[in-house]
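Encoded as structure tokens, the structure appears first; notes follow it.
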Amino acid sequence: MMEISSEDIKRLEKAGYRMEEFAVIDDGLTRLRNVDGCCYFYSRADKKCRIYRKRPLGCYLYPVVYLANEGAIVDELCPMGQTISEQELRTKGKILDKLLKKIDNKSARNSTKFMMFYKEDLNAKS
């Protein structure tokens with residue numbers, strides 16, 4: 001399942017969708033809901049994404065993914081992976097790198113906030 005950001009959620013809600021319909025929270029991560037093995041927004045009848053112009057950033061970047069110790073690569077499981085040019089891989093790789101840094105920074109801030117609250121809670125109990 002594709003992870004989605006708060007910006008993705010806001011954009012989709014502004015388009016009239018409810019988060020409860022299109023997303024699930026799994027291990028603290030918000031992801032697109034799958035229905036019968038496909039993304040919630042995929043139209044089997046039309047064989048296309050119903051929100052293509054408003055799709056999440058992860059969907060835009062795919063099949064470029066990040067592999068630890070290798071960086072940005074084309075997902076070998078994607079049947080259309082061979083259509084990604086070297087230029088597109090570099091461009092999307094840079095975007096992916098910025099996104100991962102943003103996620104890391106946000107996680108670090110949240111961890112720090114949690115530790116601060118945890119320490120305050122411990123201090124209150126003593």
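Each chain of the structure tokens is named A, B, ... in the order shown, its residues numbered from 1; ligands are numbered from 1 in display order.
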
Write out as a short mmCIF file (atom, residue, chain, number, x, y, z; two decimals) with N, CA and C atoms, in the first residue's frame all residues of range 69-99 of chain A that backbone DSSP assigns to strand (DSSP E).
data_model
loop_
_atom_site.label_atom_id
_atom_site.label_comp_id
_atom_site.auth_asym_id
_atom_site.auth_seq_id
_atom_site.Cartn_x
_atom_site.Cartn_y
_atom_site.Cartn_z
N GLY A 71 20.01 3.88 -2.96
CA GLY A 71 19.36 5.13 -3.33
C GLY A 71 18.15 4.89 -4.21
N ALA A 72 17.88 5.84 -5.09
CA ALA A 72 16.70 5.76 -5.97
C ALA A 72 16.95 4.75 -7.08
N ILE A 73 16.01 3.84 -7.23
CA ILE A 73 16.07 2.83 -8.29
C ILE A 73 14.68 2.68 -8.89
N VAL A 74 14.60 1.98 -10.01
CA VAL A 74 13.29 1.65 -10.60
C VAL A 74 12.87 0.30 -10.02
#

Mind checking DSSP for chain A and telling me the helix (DSSP H, G or I) residues as a PDB file with C-alpha atoms, in the first residue's frame?
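Writing the result to result.pdb gives the following:
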ATOM      1  CA  SER A   6      -0.759  15.022   5.215  1.00  0.00           C
ATOM      2  CA  GLU A   7      -0.512  17.255   2.116  1.00  0.00           C
ATOM      3  CA  ASP A   8      -1.873  14.394  -0.032  1.00  0.00           C
ATOM      4  CA  ILE A   9      -4.747  13.881   2.410  1.00  0.00           C
ATOM      5  CA  LYS A  10      -5.629  17.590   2.457  1.00  0.00           C
ATOM      6  CA  ARG A  11      -5.612  17.741  -1.349  1.00  0.00           C
ATOM      7  CA  LEU A  12      -7.867  14.680  -1.659  1.00  0.00           C
ATOM      8  CA  GLU A  13     -10.258  15.888   1.032  1.00  0.00           C
ATOM      9  CA  LYS A  14     -10.468  19.264  -0.736  1.00  0.00           C
ATOM     10  CA  MET A  19      -9.983  10.124   4.521  1.00  0.00           C
ATOM     11  CA  GLU A  20     -11.949   7.285   6.145  1.00  0.00           C
ATOM     12  CA  GLU A  21     -12.853   6.076   2.658  1.00  0.00           C
ATOM     13  CA  PHE A  22      -9.473   6.205   0.905  1.00  0.00           C
ATOM     14  CA  TYR A  52      -4.649  11.198 -11.599  1.00  0.00           C
ATOM     15  CA  ARG A  53      -4.225  14.997 -11.561  1.00  0.00           C
ATOM     16  CA  LYS A  54      -4.506  15.063  -7.758  1.00  0.00           C
ATOM     17  CA  LEU A  57       3.298  12.284  -4.491  1.00  0.00           C
ATOM     18  CA  GLY A  58       4.261   8.622  -3.999  1.00  0.00           C
ATOM     19  CA  CYS A  59       2.059   7.668  -6.950  1.00  0.00           C
ATOM     20  CA  TYR A  60       3.677  10.374  -9.071  1.00  0.00           C
ATOM     21  CA  LEU A  61       7.147   9.097  -8.195  1.00  0.00           C
ATOM     22  CA  GLY A  81       9.676   0.028 -15.238  1.00  0.00           C
ATOM     23  CA  GLN A  82      11.526  -0.085 -18.557  1.00  0.00           C
ATOM     24  CA  THR A  83       9.712   3.083 -19.634  1.00  0.00           C
ATOM     25  CA  GLU A  86      17.686   7.899 -16.844  1.00  0.00           C
ATOM     26  CA  GLN A  87      16.661  11.575 -16.738  1.00  0.00           C
ATOM     27  CA  GLU A  88      13.289  10.729 -15.159  1.00  0.00           C
ATOM     28  CA  LEU A  89      15.024   8.462 -12.641  1.00  0.00           C
ATOM     29  CA  ARG A  90      17.408  11.291 -11.660  1.00  0.00           C
ATOM     30  CA  THR A  91      14.609  13.877 -11.457  1.00  0.00           C
ATOM     31  CA  LYS A  92      12.258  11.698  -9.434  1.00  0.00           C
ATOM     32  CA  GLY A  93      15.185  10.464  -7.336  1.00  0.00           C
ATOM     33  CA  LYS A  94      15.935  14.058  -6.266  1.00  0.00           C
ATOM     34  CA  ILE A  95      12.286  14.618  -5.347  1.00  0.00           C
ATOM     35  CA  LEU A  96      12.232  11.333  -3.430  1.00  0.00           C
ATOM     36  CA  ASP A  97      15.420  12.270  -1.580  1.00  0.00           C
ATOM     37  CA  LYS A  98      13.889  15.608  -0.482  1.00  0.00           C
ATOM     38  CA  LEU A  99      10.713  13.824   0.604  1.00  0.00           C
ATOM     39  CA  LEU A 100      12.654  11.271   2.662  1.00  0.00           C
ATOM     40  CA  LYS A 101      14.659  14.034   4.353  1.00  0.00           C
ATOM     41  CA  LYS A 102      11.426  15.836   5.175  1.00  0.00           C
ATOM     42  CA  ILE A 103       9.956  12.629   6.622  1.00  0.00           C
ATOM     43  CA  ASP A 104      13.148  11.986   8.623  1.00  0.00           C
ATOM     44  CA  ASN A 105      13.118  15.541   9.996  1.00  0.00           C
ATOM     45  CA  LYS A 106       9.444  15.274  10.911  1.00  0.00           C
ATOM     46  CA  SER A 107      10.032  11.904  12.604  1.00  0.00           C
ATOM     47  CA  ALA A 108      12.977  13.318  14.526  1.00  0.00           C
ATOM     48  CA  ARG A 109      10.884  16.304  15.667  1.00  0.00           C
ATOM     49  CA  ASN A 110       8.041  14.001  16.719  1.00  0.00           C
ATOM     50  CA  SER A 111      10.460  11.724  18.592  1.00  0.00           C
ATOM     51  CA  THR A 112      11.937  14.729  20.361  1.00  0.00           C
ATOM     52  CA  LYS A 113       8.464  15.989  21.273  1.00  0.00           C
ATOM     53  CA  PHE A 114       7.539  12.531  22.538  1.00  0.00           C
ATOM     54  CA  MET A 115      10.689  12.367  24.665  1.00  0.00           C
ATOM     55  CA  MET A 116       9.945  15.824  26.071  1.00  0.00           C
ATOM     56  CA  PHE A 117       6.389  14.808  26.971  1.00  0.00           C
ATOM     57  CA  TYR A 118       7.654  11.530  28.398  1.00  0.00           C
ATOM     58  CA  LYS A 119      10.257  13.305  30.552  1.00  0.00           C
ATOM     59  CA  GLU A 120       7.653  15.851  31.715  1.00  0.00           C
ATOM     60  CA  ASP A 121       5.306  12.999  32.599  1.00  0.00           C
ATOM     61  CA  LEU A 122       8.047  11.234  34.588  1.00  0.00           C
ATOM     62  CA  ASN A 123       8.930  14.444  36.372  1.00  0.00           C
ATOM     63  CA  ALA A 124       5.278  15.014  37.271  1.00  0.00           C
ATOM     64  CA  LYS A 125       5.060  11.531  38.793  1.00  0.00           C
TER      65      LYS A 125
END

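Put simply, CA of Arg44 in chain A is 24.1 Å away from CA of Ile84 in chain A.
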
Selection near range 76-80 of chain A, 12 Å with only C-alpha atoms, sequence-local residues under 5 positions removed, as an MDAnalysis selection string: chainID A and resid 62:67 85

Quick one, how far is CA of Ile51 in chain A from CA of Gly28 in chain A?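 Distance between the two atoms: 24.4 Å.
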
Record the distance separating CA of Ala15 in chain A and CA of Ala45 in chain A, expressed in Å with one decimal.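 Interatomic distance, CA of Ala15 in chain A to CA of Ala45 in chain A: 21.3 Å.
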
Option closest in space to Met1 in chain A, from A:Leu32, A:Arg18, A:Tyr42, A:Ala23 [counting only C-alpha atoms]: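 Closest to Met1 in chain A of all the choices is A:Leu32.
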
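If you measure from each of A:Glu70, A:Gly37, A:Arg55, A:Asp27 to Ser5 in chain A using only C-alpha atoms, the closest one turns out to be A:Arg55.
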
Select, from A:Ser43, A:Arg50, A:Met2, A:Arg31, the residue with the minimum atom-to-atom distance to Tyr17 in chain A, counting only C-alpha atoms. A:Arg50
